[in-house]
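entry10.txt (compact mmCIF, C-alpha atoms and all ligand atoms) appears below.
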```
# COMPACT_ATOMS: atom_id res chain seq x y z
CA MET P 130 55.35 31.88 51.35
CA PHE P 131 55.45 34.08 54.42
CA LYS P 132 53.96 37.55 54.17
CA ASN P 133 54.09 38.83 57.73
CA ALA P 134 56.24 38.80 60.80
CA ILE P 135 55.69 40.03 64.34
CA VAL P 136 58.74 41.13 66.31
CA ARG P 137 59.25 42.91 69.62
CA ILE P 138 62.02 45.43 70.28
CA PRO P 139 64.40 44.03 72.92
CA GLY P 140 64.11 45.73 76.29
CA SER P 141 67.05 47.43 77.95
CA ASN P 142 66.77 44.68 80.60
CA LEU P 143 67.29 41.77 78.19
CA ALA P 144 70.26 40.75 80.34
CA ASP P 145 67.83 40.00 83.20
CA GLY P 146 66.23 37.24 81.10
CA LEU P 147 66.88 33.52 81.37
CA THR P 148 70.03 31.94 80.08
CA THR P 149 71.97 28.72 80.51
CA VAL P 150 75.13 29.83 78.73
CA ASP P 151 78.09 31.70 80.08
CA LEU P 152 78.94 34.05 77.25
CA GLY P 153 78.77 37.33 79.15
CA MET P 154 76.16 40.11 79.29
CA PRO P 155 74.56 41.31 76.07
CA ARG P 156 75.50 44.90 75.12
CA HIS P 157 72.31 46.85 74.60
CA ASP P 158 73.58 49.00 71.72
CA LEU P 159 74.64 45.84 69.85
CA VAL P 160 71.38 44.11 70.75
CA LEU P 161 69.42 46.90 69.07
CA GLN P 162 71.76 46.94 66.07
CA GLN P 163 71.45 43.18 65.55
CA HIS P 164 67.69 43.30 66.00
CA ALA P 165 67.41 46.10 63.42
CA ALA P 166 69.52 44.09 60.95
CA TYR P 167 67.29 41.06 61.56
CA CYS P 168 64.16 43.11 60.78
CA LYS P 169 65.81 44.55 57.68
CA ALA P 170 66.59 41.01 56.50
CA LEU P 171 62.97 39.94 56.97
CA ARG P 172 61.88 42.95 54.91
CA GLU P 173 64.38 42.03 52.20
CA CYS P 174 62.73 38.60 52.14
CA GLY P 175 59.44 40.35 51.37
CA LEU P 176 57.78 40.37 54.79
CA THR P 177 55.70 43.15 56.28
CA ILE P 178 56.70 43.56 59.88
CA THR P 179 54.54 44.42 62.88
CA THR P 180 56.91 45.83 65.47
CA LEU P 181 55.82 45.77 69.09
CA ALA P 182 57.32 48.09 71.67
CA ALA P 183 59.79 46.78 74.23
CA ASP P 184 58.05 45.34 77.28
CA LEU P 185 60.21 45.76 80.36
CA ARG P 186 57.92 43.55 82.44
CA TYR P 187 59.27 40.57 80.55
CA PRO P 188 63.02 40.65 79.84
CA ASP P 189 62.72 37.67 77.45
CA SER P 190 59.78 39.07 75.51
CA THR P 191 61.80 39.86 72.38
CA PHE P 192 61.79 36.05 71.84
CA VAL P 193 58.24 36.25 70.51
CA GLU P 194 58.35 32.86 68.80
CA ASP P 195 57.70 31.15 72.11
CA THR P 196 54.28 32.75 72.60
CA ALA P 197 52.42 31.19 69.67
CA VAL P 198 52.37 28.53 67.00
CA ILE P 199 51.17 30.19 63.83
CA THR P 200 50.08 28.25 60.79
CA GLU P 201 48.29 29.11 57.56
CA ARG P 202 45.13 27.65 59.02
CA GLY P 203 45.10 29.34 62.40
CA ALA P 204 47.10 30.39 65.44
CA VAL P 205 47.57 28.65 68.78
CA LEU P 206 48.59 30.76 71.76
CA THR P 207 51.02 28.92 74.00
CA ASN P 208 51.58 28.68 77.74
CA PRO P 209 55.36 29.17 78.08
CA GLY P 210 57.13 26.74 80.37
CA ALA P 211 59.23 29.30 82.26
CA PRO P 212 57.18 31.03 84.99
CA SER P 213 58.88 34.38 84.28
CA ARG P 214 57.55 34.26 80.71
CA GLU P 215 53.89 33.35 81.35
CA GLY P 216 52.58 36.92 80.99
CA GLU P 217 54.12 37.33 77.54
CA VAL P 218 51.17 35.64 75.84
CA ALA P 219 48.61 38.12 77.19
CA ALA P 220 50.94 40.92 76.06
CA ILE P 221 51.04 39.72 72.44
CA ARG P 222 47.59 38.17 72.08
CA GLU P 223 45.91 41.15 70.43
CA ALA P 224 48.70 41.68 67.91
CA ILE P 225 48.42 38.04 66.80
CA MET P 226 44.66 37.75 66.80
CA ARG P 227 44.30 40.76 64.48
CA PHE P 228 45.63 38.50 61.73
CA PHE P 229 43.25 35.62 62.51
CA PRO P 230 39.77 37.11 62.65
CA ALA P 231 36.65 35.00 63.13
CA PRO P 232 34.87 33.53 61.26
CA LEU P 233 37.73 33.00 58.79
CA PHE P 234 39.80 31.15 61.38
CA PRO P 235 38.97 28.76 64.21
CA SER P 236 38.12 30.61 67.41
CA LEU P 237 41.02 31.28 69.69
CA LEU P 238 43.09 28.15 70.28
CA GLU P 239 45.24 28.05 73.38
CA ILE P 240 47.44 25.79 75.48
CA HIS P 241 46.14 25.71 79.05
CA ALA P 242 47.79 24.71 82.33
CA PRO P 243 48.86 22.18 83.37
CA GLY P 244 50.06 22.06 79.77
CA THR P 245 53.11 24.16 78.97
CA LEU P 246 54.54 24.76 75.55
CA ASP P 247 57.13 27.09 73.99
CA GLY P 248 56.93 27.91 70.28
CA GLY P 249 60.66 27.16 70.04
CA ASP P 250 59.80 23.49 70.46
CA ILE P 251 57.57 23.40 67.40
CA CYS P 252 59.06 22.69 64.01
CA GLU P 253 56.73 22.94 61.04
CA ALA P 254 57.62 20.82 58.04
CA GLU P 255 54.93 21.49 55.40
CA ASN P 256 51.77 19.83 56.75
CA HIS P 257 53.53 18.00 59.55
CA PHE P 258 54.65 19.42 62.89
CA PHE P 259 57.39 18.06 65.12
CA ILE P 260 56.54 18.83 68.72
CA GLY P 261 59.56 18.84 71.01
CA LEU P 262 59.19 17.63 74.58
CA SER P 263 61.67 19.72 76.53
CA HIS P 264 62.15 21.32 79.91
CA ARG P 265 59.71 23.99 78.68
CA THR P 266 57.14 21.90 76.79
CA ASN P 267 55.48 19.10 78.77
CA GLU P 268 53.42 16.10 77.70
CA ASP P 269 50.14 17.82 78.35
CA GLY P 270 51.13 20.86 76.30
CA ALA P 271 52.24 18.58 73.47
CA ARG P 272 48.98 16.65 73.63
CA GLN P 273 46.89 19.84 73.51
CA LEU P 274 48.84 21.19 70.57
CA ALA P 275 48.58 17.90 68.65
CA MET P 276 44.81 18.09 69.12
CA HIS P 277 44.62 21.69 67.89
CA LEU P 278 46.80 20.86 64.90
CA ALA P 279 44.64 17.83 64.06
CA SER P 280 41.57 20.10 64.16
CA MET P 281 43.29 22.11 61.40
CA SER P 282 44.08 18.88 59.47
CA TYR P 283 47.80 18.90 60.27
CA THR P 284 49.69 15.82 61.43
CA SER P 285 52.23 15.92 64.24
CA SER P 286 54.71 13.74 66.08
CA VAL P 287 56.52 14.15 69.36
CA VAL P 288 60.30 14.37 69.58
CA ASP P 289 61.68 14.03 73.10
CA VAL P 290 64.75 16.22 73.60
CA ARG P 291 64.69 16.26 77.40
CA GLY P 292 67.84 14.16 77.53
CA MET P 293 69.81 16.60 75.38
CA THR P 294 71.34 19.04 77.82
CA SER P 295 73.03 21.13 75.16
CA ILE P 296 69.80 22.55 73.73
CA LEU P 297 66.95 24.60 75.17
CA HIS P 298 64.29 23.81 72.59
CA LEU P 299 63.77 21.29 69.79
CA LYS P 300 64.48 24.04 67.26
CA SER P 301 67.81 24.81 68.92
CA GLY P 302 68.83 21.56 67.22
CA ILE P 303 66.78 21.28 64.02
CA ALA P 304 65.24 23.45 61.34
CA TYR P 305 63.05 22.54 58.41
CA ILE P 306 64.17 24.64 55.45
CA GLY P 307 61.86 23.39 52.70
CA ASP P 308 62.56 20.97 49.86
CA ASN P 309 62.13 18.06 52.28
CA THR P 310 65.33 19.11 54.05
CA LEU P 311 66.08 19.24 57.76
CA VAL P 312 69.14 20.95 59.18
CA VAL P 313 70.03 18.77 62.17
CA MET P 314 72.70 18.96 64.84
CA GLU P 315 74.95 15.94 64.59
CA GLU P 316 74.14 14.69 68.10
CA MET P 317 70.51 14.35 67.06
CA ALA P 318 71.16 13.04 63.55
CA ASP P 319 73.34 10.26 65.00
CA ASN P 320 70.95 9.34 67.80
CA PRO P 321 68.89 6.21 66.98
CA ALA P 322 66.01 7.66 69.03
CA PHE P 323 65.50 10.31 66.37
CA ARG P 324 66.02 8.13 63.31
CA THR P 325 62.36 7.21 62.88
CA ALA P 326 61.22 10.79 63.51
CA PHE P 327 63.36 12.17 60.70
CA HIS P 328 63.09 9.21 58.33
CA GLY P 329 62.41 10.25 54.76
CA TYR P 330 63.93 13.72 55.08
CA LYS P 331 67.19 14.83 53.59
CA LEU P 332 69.42 15.73 56.56
CA LEU P 333 72.03 18.49 56.51
CA ARG P 334 74.18 17.58 59.48
CA VAL P 335 75.56 20.34 61.66
CA PRO P 336 78.93 19.56 63.28
CA PRO P 337 79.11 20.04 67.07
CA GLU P 338 81.21 23.22 66.89
CA GLU P 339 78.46 24.83 64.78
CA THR P 340 75.39 23.60 66.68
CA TYR P 341 74.12 27.15 67.22
CA ALA P 342 73.61 27.44 63.44
CA ALA P 343 71.17 24.50 63.43
CA ASN P 344 68.63 27.16 64.36
CA CYS P 345 68.28 28.70 60.92
CA VAL P 346 65.09 29.90 59.25
CA ARG P 347 63.81 29.57 55.71
CA VAL P 348 62.07 32.81 54.77
CA ASN P 349 60.75 32.66 51.23
CA GLY P 350 63.79 32.45 48.94
CA ARG P 351 66.46 32.78 51.64
CA VAL P 352 67.71 30.85 54.66
CA LEU P 353 68.59 33.15 57.53
CA VAL P 354 71.61 31.75 59.32
CA PRO P 355 73.79 33.14 62.11
CA SER P 356 77.08 34.52 60.83
CA GLY P 357 80.32 32.83 61.82
CA TYR P 358 79.38 29.25 60.95
CA PRO P 359 81.18 28.52 57.67
CA ARG P 360 80.41 24.81 57.45
CA VAL P 361 76.66 25.25 57.75
CA HIS P 362 76.82 28.17 55.34
CA ALA P 363 78.74 26.08 52.80
CA ALA P 364 76.41 23.08 53.21
CA LEU P 365 73.40 25.30 52.51
CA VAL P 366 74.98 26.70 49.36
CA ALA P 367 76.11 23.25 48.21
CA ASN P 368 72.52 22.04 48.52
CA GLY P 369 71.04 24.86 46.47
CA PHE P 370 69.87 27.15 49.29
CA THR P 371 70.64 30.87 49.50
CA PRO P 372 71.84 31.78 53.01
CA LEU P 373 71.62 35.26 54.45
CA ALA P 374 74.02 35.58 57.39
CA LEU P 375 73.12 37.66 60.42
CA GLU P 376 75.15 38.62 63.47
CA MET P 377 73.47 37.07 66.51
CA SER P 378 76.15 37.22 69.22
CA GLU P 379 74.13 39.26 71.71
CA PHE P 380 71.00 37.07 71.52
CA GLN P 381 73.10 33.93 71.74
CA LYS P 382 74.22 35.14 75.19
CA MET P 383 70.59 34.79 76.26
CA ASP P 384 70.02 31.36 74.63
CA GLY P 385 68.17 33.00 71.77
CA GLY P 386 68.42 31.85 68.18
CA LEU P 387 67.31 33.32 64.87
CA SER P 388 63.91 31.70 64.81
CA CYS P 389 62.88 32.96 68.25
CA LEU P 390 63.06 36.65 67.32
CA SER P 391 59.95 36.55 65.13
CA LEU P 392 56.62 34.95 64.43
CA ARG P 393 56.37 34.42 60.68
CA PHE P 394 53.24 33.62 58.72
C1 LIG A 401 64.53 31.78 77.39
O1 LIG A 401 65.33 31.11 78.05
O2 LIG A 401 63.33 31.58 77.39
C2 LIG A 401 65.10 32.92 76.54
N1 LIG A 401 66.21 33.51 77.19
C3 LIG A 401 65.50 32.42 75.18
C4 LIG A 401 64.35 31.90 74.38
C5 LIG A 401 64.75 31.43 73.04
N2 LIG A 401 63.61 31.03 72.29
C6 LIG A 401 63.63 30.22 71.24
O3 LIG A 401 64.67 29.69 70.90
N3 LIG A 401 62.49 29.97 70.63
```
What is this structure when it is put down as structure tokens?
Amino acid sequence: MFKNAIVRIPGSNLADGLTTVDLGMPRHDLVLQQHAAYCKALRECGLTITTLAADLRYPDSTFVEDTAVITERGAVLTNPGAPSREGEVAAIREAIMRFFPAPLFPSLLEIHAPGTLDGGDICEAENHFFIGLSHRTNEDGARQLAMHLASMSYTSSVVDVRGMTSILHLKSGIAYIGDNTLVVMEEMADNPAFRTAFHGYKLLRVPPEETYAANCVRVNGRVLVPSGYPRVHAALVANGFTPLALEMSEFQKMDGGLSCLSLRF
């Protein structure tokens, strides 16, 4: 069960952030509306939210997920792979560490250069973590995280998505939604390279035209899913999950998915 979430209000300069898609500029009024609806949904799922003020130094800083990997047993601060996002960790450190005081938790765990790692590449599936190697997360970052996770008695395995040009992070293409179930974009589910990694899980396959919805998030009894993806929505319902659809159009323009807008723990 999650109890808490940390979010950051999107800055008025979100459009200056990084993106690889050509969907137009986000509209700030809609950005704020969609962010507010997202926070409301998290509250409906029973979470208490810590809301951080917009930080105009970092246009991408509303995508807080990339700054940390948070588990029940401790938090690991990351070293984001995009140079423009490096300072985001220092900006959020205090807000995260308040929840992980010593001596209850291991002293501050961090990913250090030359390791880089974005939280969007880390998919937690109960006591196992999939660590995505991407254009943001490098081998050294993955190795450091695996070591930190092992120190907290978690297992991990590396999933190399560097060849998949259609996704930014591992979690742009998969989500673990509980009950031994992974939501997986078809391109990954069909790729023999990933077969061993996902062996033993029930796979809900996401058709190519709905790939964006592979980034969904289980929050207690619900699965948050972007609105406008009927096949994923129907597959969730058919498999006994309870989706909660959220409008995400403005964040999608900046390569952002549902998971990246919060740290949940
Ligand atoms: C970036 O390119 O870093 C941001 N514009 C989007 C980050 C999305 N983060 C995530 O999926 N975890």
What's around region 267-269 of chain P at 9 Å? Count all atoms listed in the file, leave out sequence neighbours fewer than 5 positions away in its own chain, and write the answer as a ChimeraX atom specification. /P:210,240-246,261-262,274
Need the shell around region 358-373 of chain P: protein/DNA/RNA residues with any atom at most 6 Å away, counting all atoms listed in the file. Skip same-chain ones fewer than 6 positions apart. Format as number ranges by chain? P: 339, 351-352
Keeping C-alpha atoms, export the residues of the selection given above as a JSON list (two decimals), in the frame of the given file.
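This is the output file again_21.json:
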```json
[["chain", "number", "residue", "atom", "x", "y", "z"],
["P", 339, "GLU", "CA", 78.46, 24.83, 64.78],
["P", 351, "ARG", "CA", 66.46, 32.78, 51.64],
["P", 352, "VAL", "CA", 67.71, 30.85, 54.66]]
```
Distance query His298 (chain P) at most 12 Å, all atoms listed in the file, self and fewer than 2 positions along chain excluded, as a tab-separated table (two decimals) with C-alpha atoms, in the coordinates of the input:
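Wrote it out as part_29.tsv, contents follow:
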```tsv
chain	number	residue	atom	x	y	z
P	194	GLU	CA	58.35	32.86	68.80
P	195	ASP	CA	57.70	31.15	72.11
P	209	PRO	CA	55.36	29.17	78.08
P	210	GLY	CA	57.13	26.74	80.37
P	246	LEU	CA	54.54	24.76	75.55
P	247	ASP	CA	57.13	27.09	73.99
P	248	GLY	CA	56.93	27.91	70.28
P	249	GLY	CA	60.66	27.16	70.04
P	250	ASP	CA	59.80	23.49	70.46
P	251	ILE	CA	57.57	23.40	67.40
P	252	CYS	CA	59.06	22.69	64.01
P	259	PHE	CA	57.39	18.06	65.12
P	260	ILE	CA	56.54	18.83	68.72
P	261	GLY	CA	59.56	18.84	71.01
P	262	LEU	CA	59.19	17.63	74.58
P	263	SER	CA	61.67	19.72	76.53
P	264	HIS	CA	62.15	21.32	79.91
P	265	ARG	CA	59.71	23.99	78.68
P	266	THR	CA	57.14	21.90	76.79
P	267	ASN	CA	55.48	19.10	78.77
P	288	VAL	CA	60.30	14.37	69.58
P	289	ASP	CA	61.68	14.03	73.10
P	290	VAL	CA	64.75	16.22	73.60
P	291	ARG	CA	64.69	16.26	77.40
P	292	GLY	CA	67.84	14.16	77.53
P	293	MET	CA	69.81	16.60	75.38
P	294	THR	CA	71.34	19.04	77.82
P	295	SER	CA	73.03	21.13	75.16
P	296	ILE	CA	69.80	22.55	73.73
P	300	LYS	CA	64.48	24.04	67.26
P	301	SER	CA	67.81	24.81	68.92
P	302	GLY	CA	68.83	21.56	67.22
P	303	ILE	CA	66.78	21.28	64.02
P	304	ALA	CA	65.24	23.45	61.34
P	341	TYR	CA	74.12	27.15	67.22
P	343	ALA	CA	71.17	24.50	63.43
P	344	ASN	CA	68.63	27.16	64.36
P	384	ASP	CA	70.02	31.36	74.63
P	385	GLY	CA	68.17	33.00	71.77
P	386	GLY	CA	68.42	31.85	68.18
P	388	SER	CA	63.91	31.70	64.81
P	389	CYS	CA	62.88	32.96	68.25
```
Build an axis-aligned box that encloses every atom of region 324-337 of chain P listed in the file, pad it by 8 Å on each side, and report its centre and edge lengths in Å to one decimal, as JSON.
```
{"center_x": 70.2, "center_y": 13.8, "center_z": 60.3, "size_x": 33.9, "size_y": 29.1, "size_z": 29.5}
```
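Of the listed residues P:Val198, P:Val348, P:Ala166, P:Ala254, the one whose atoms come nearest to ligand LIG 401 (chain A) is P:Val198, with distances taken using only C-alpha atoms and all ligand atoms.
Considering the residues P:Ser391, P:Thr179, P:Ser213, P:Ser282 and counting all atoms listed in the file, Leu353 (chain P) has its shortest atom-to-atom contact with P:Ser391.
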Using all atoms listed in the file, the residue out of P:Ala322, P:Ile138, P:Arg202, P:Pro212 with shortest distance to Leu161 (chain P) is P:Ile138
Distance CA of Gly307 (chain P)-CA of Arg347 (chain P), one decimal place? 7.1 Å
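Remark: for Phe258 (chain P), the closest of the candidate residues P:Thr207, P:Asn320, P:Phe131, P:Ile199 is P:Ile199 (distances computed over only C-alpha atoms).
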Distance CA of Thr177 (chain P)-CA of Pro232 (chain P), one decimal place? 23.5 Å
Measuring between only C-alpha atoms, which one of P:Ala211, P:Met130, P:Val354, P:Ala197 shows the shortest distance to Gly175 (chain P)? P:Met130
Residues proximal to (41.3, 30.6, 64.7) were defined as those with any atom within 10 Å of that point in the file's coordinates, counting only C-alpha atoms. Which are they, as an mmCIF file with C-alpha atoms, keeping the file's coordinate frame?
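Result saved to point_9.cif:
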```cif
data_model
loop_
_atom_site.group_PDB
_atom_site.id
_atom_site.type_symbol
_atom_site.label_atom_id
_atom_site.label_comp_id
_atom_site.auth_asym_id
_atom_site.auth_seq_id
_atom_site.Cartn_x
_atom_site.Cartn_y
_atom_site.Cartn_z
ATOM 1 C CA ILE P 199 51.170 30.190 63.830
ATOM 2 C CA THR P 200 50.080 28.250 60.790
ATOM 3 C CA ARG P 202 45.130 27.650 59.020
ATOM 4 C CA GLY P 203 45.100 29.340 62.400
ATOM 5 C CA ALA P 204 47.100 30.390 65.440
ATOM 6 C CA VAL P 205 47.570 28.650 68.780
ATOM 7 C CA MET P 226 44.660 37.750 66.800
ATOM 8 C CA PHE P 228 45.630 38.500 61.730
ATOM 9 C CA PHE P 229 43.250 35.620 62.510
ATOM 10 C CA PRO P 230 39.770 37.110 62.650
ATOM 11 C CA ALA P 231 36.650 35.000 63.130
ATOM 12 C CA PRO P 232 34.870 33.530 61.260
ATOM 13 C CA LEU P 233 37.730 33.000 58.790
ATOM 14 C CA PHE P 234 39.800 31.150 61.380
ATOM 15 C CA PRO P 235 38.970 28.760 64.210
ATOM 16 C CA SER P 236 38.120 30.610 67.410
ATOM 17 C CA LEU P 237 41.020 31.280 69.690
ATOM 18 C CA LEU P 238 43.090 28.150 70.280
ATOM 19 C CA GLU P 239 45.240 28.050 73.380
ATOM 20 C CA MET P 281 43.290 22.110 61.400
#
```
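Restricting the calculation to all atoms listed in the file, the smallest distance between Lys169 (chain P) and any of P:Ala134, P:Thr325, P:Arg222, P:Ser141 is found for P:Ala134.
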Missing atoms in region 165-176 of chain P need filling: write out all heavy atoms for it as a tab-separated table (two decimals), keeping the file's coordinate frame.
```
chain	number	residue	atom	x	y	z
P	165	ALA	N	67.78	45.28	64.59
P	165	ALA	CA	67.41	46.10	63.42
P	165	ALA	C	67.84	45.39	62.13
P	165	ALA	O	67.11	45.38	61.13
P	165	ALA	CB	68.03	47.49	63.53
P	166	ALA	N	69.03	44.79	62.15
P	166	ALA	CA	69.52	44.09	60.95
P	166	ALA	C	68.64	42.88	60.66
P	166	ALA	O	68.38	42.54	59.49
P	166	ALA	CB	70.97	43.66	61.15
P	167	TYR	N	68.18	42.22	61.70
P	167	TYR	CA	67.29	41.06	61.56
P	167	TYR	C	65.98	41.49	60.88
P	167	TYR	O	65.51	40.86	59.93
P	167	TYR	CB	67.03	40.48	62.95
P	167	TYR	CG	66.11	39.28	63.02
P	167	TYR	CD1	66.62	38.00	62.86
P	167	TYR	CD2	64.76	39.42	63.29
P	167	TYR	CE1	65.78	36.88	62.95
P	167	TYR	CE2	63.92	38.32	63.38
P	167	TYR	CZ	64.44	37.05	63.21
P	167	TYR	OH	63.62	35.95	63.31
P	168	CYS	N	65.42	42.61	61.37
P	168	CYS	CA	64.16	43.11	60.78
P	168	CYS	C	64.37	43.50	59.32
P	168	CYS	O	63.53	43.25	58.46
P	168	CYS	CB	63.63	44.30	61.58
P	168	CYS	SG	63.14	43.83	63.25
P	169	LYS	N	65.51	44.13	59.05
P	169	LYS	CA	65.81	44.55	57.68
P	169	LYS	C	65.88	43.30	56.78
P	169	LYS	O	65.36	43.30	55.66
P	169	LYS	CB	67.16	45.29	57.68
P	169	LYS	CG	67.57	45.85	56.35
P	169	LYS	CD	68.74	46.82	56.53
P	169	LYS	CE	69.32	47.25	55.21
P	169	LYS	NZ	70.48	46.44	54.79
P	170	ALA	N	66.48	42.25	57.28
P	170	ALA	CA	66.59	41.01	56.50
P	170	ALA	C	65.20	40.44	56.20
P	170	ALA	O	64.92	40.01	55.08
P	170	ALA	CB	67.43	39.98	57.24
P	171	LEU	N	64.33	40.46	57.21
P	171	LEU	CA	62.97	39.94	56.97
P	171	LEU	C	62.27	40.77	55.89
P	171	LEU	O	61.57	40.23	55.03
P	171	LEU	CB	62.15	39.96	58.26
P	171	LEU	CG	62.55	39.00	59.38
P	171	LEU	CD1	61.61	39.13	60.57
P	171	LEU	CD2	62.56	37.55	58.89
P	172	ARG	N	62.50	42.10	55.94
P	172	ARG	CA	61.88	42.95	54.91
P	172	ARG	C	62.45	42.61	53.54
P	172	ARG	O	61.72	42.54	52.55
P	172	ARG	CB	62.13	44.44	55.22
P	172	ARG	CG	61.23	44.94	56.31
P	172	ARG	CD	61.23	46.47	56.44
P	172	ARG	NE	60.62	46.81	57.71
P	172	ARG	CZ	61.28	47.03	58.84
P	172	ARG	NH1	62.60	47.01	58.85
P	172	ARG	NH2	60.64	47.29	59.96
P	173	GLU	N	63.76	42.40	53.48
P	173	GLU	CA	64.38	42.03	52.20
P	173	GLU	C	63.80	40.73	51.66
P	173	GLU	O	63.78	40.49	50.45
P	173	GLU	CB	65.90	41.85	52.39
P	173	GLU	CG	66.65	43.16	52.26
P	173	GLU	CD	68.11	43.00	52.71
P	173	GLU	OE1	68.67	41.89	52.60
P	173	GLU	OE2	68.66	44.01	53.19
P	174	CYS	N	63.33	39.87	52.57
P	174	CYS	CA	62.73	38.60	52.14
P	174	CYS	C	61.25	38.81	51.77
P	174	CYS	O	60.54	37.83	51.51
P	174	CYS	CB	62.83	37.56	53.24
P	174	CYS	SG	64.51	37.07	53.62
P	175	GLY	N	60.80	40.04	51.83
P	175	GLY	CA	59.44	40.35	51.37
P	175	GLY	C	58.38	40.41	52.45
P	175	GLY	O	57.19	40.50	52.14
P	176	LEU	N	58.78	40.37	53.72
P	176	LEU	CA	57.78	40.37	54.79
P	176	LEU	C	57.40	41.78	55.22
P	176	LEU	O	58.22	42.69	55.18
P	176	LEU	CB	58.30	39.61	56.02
P	176	LEU	CG	58.75	38.17	55.81
P	176	LEU	CD1	58.81	37.45	57.15
P	176	LEU	CD2	57.83	37.43	54.88
```
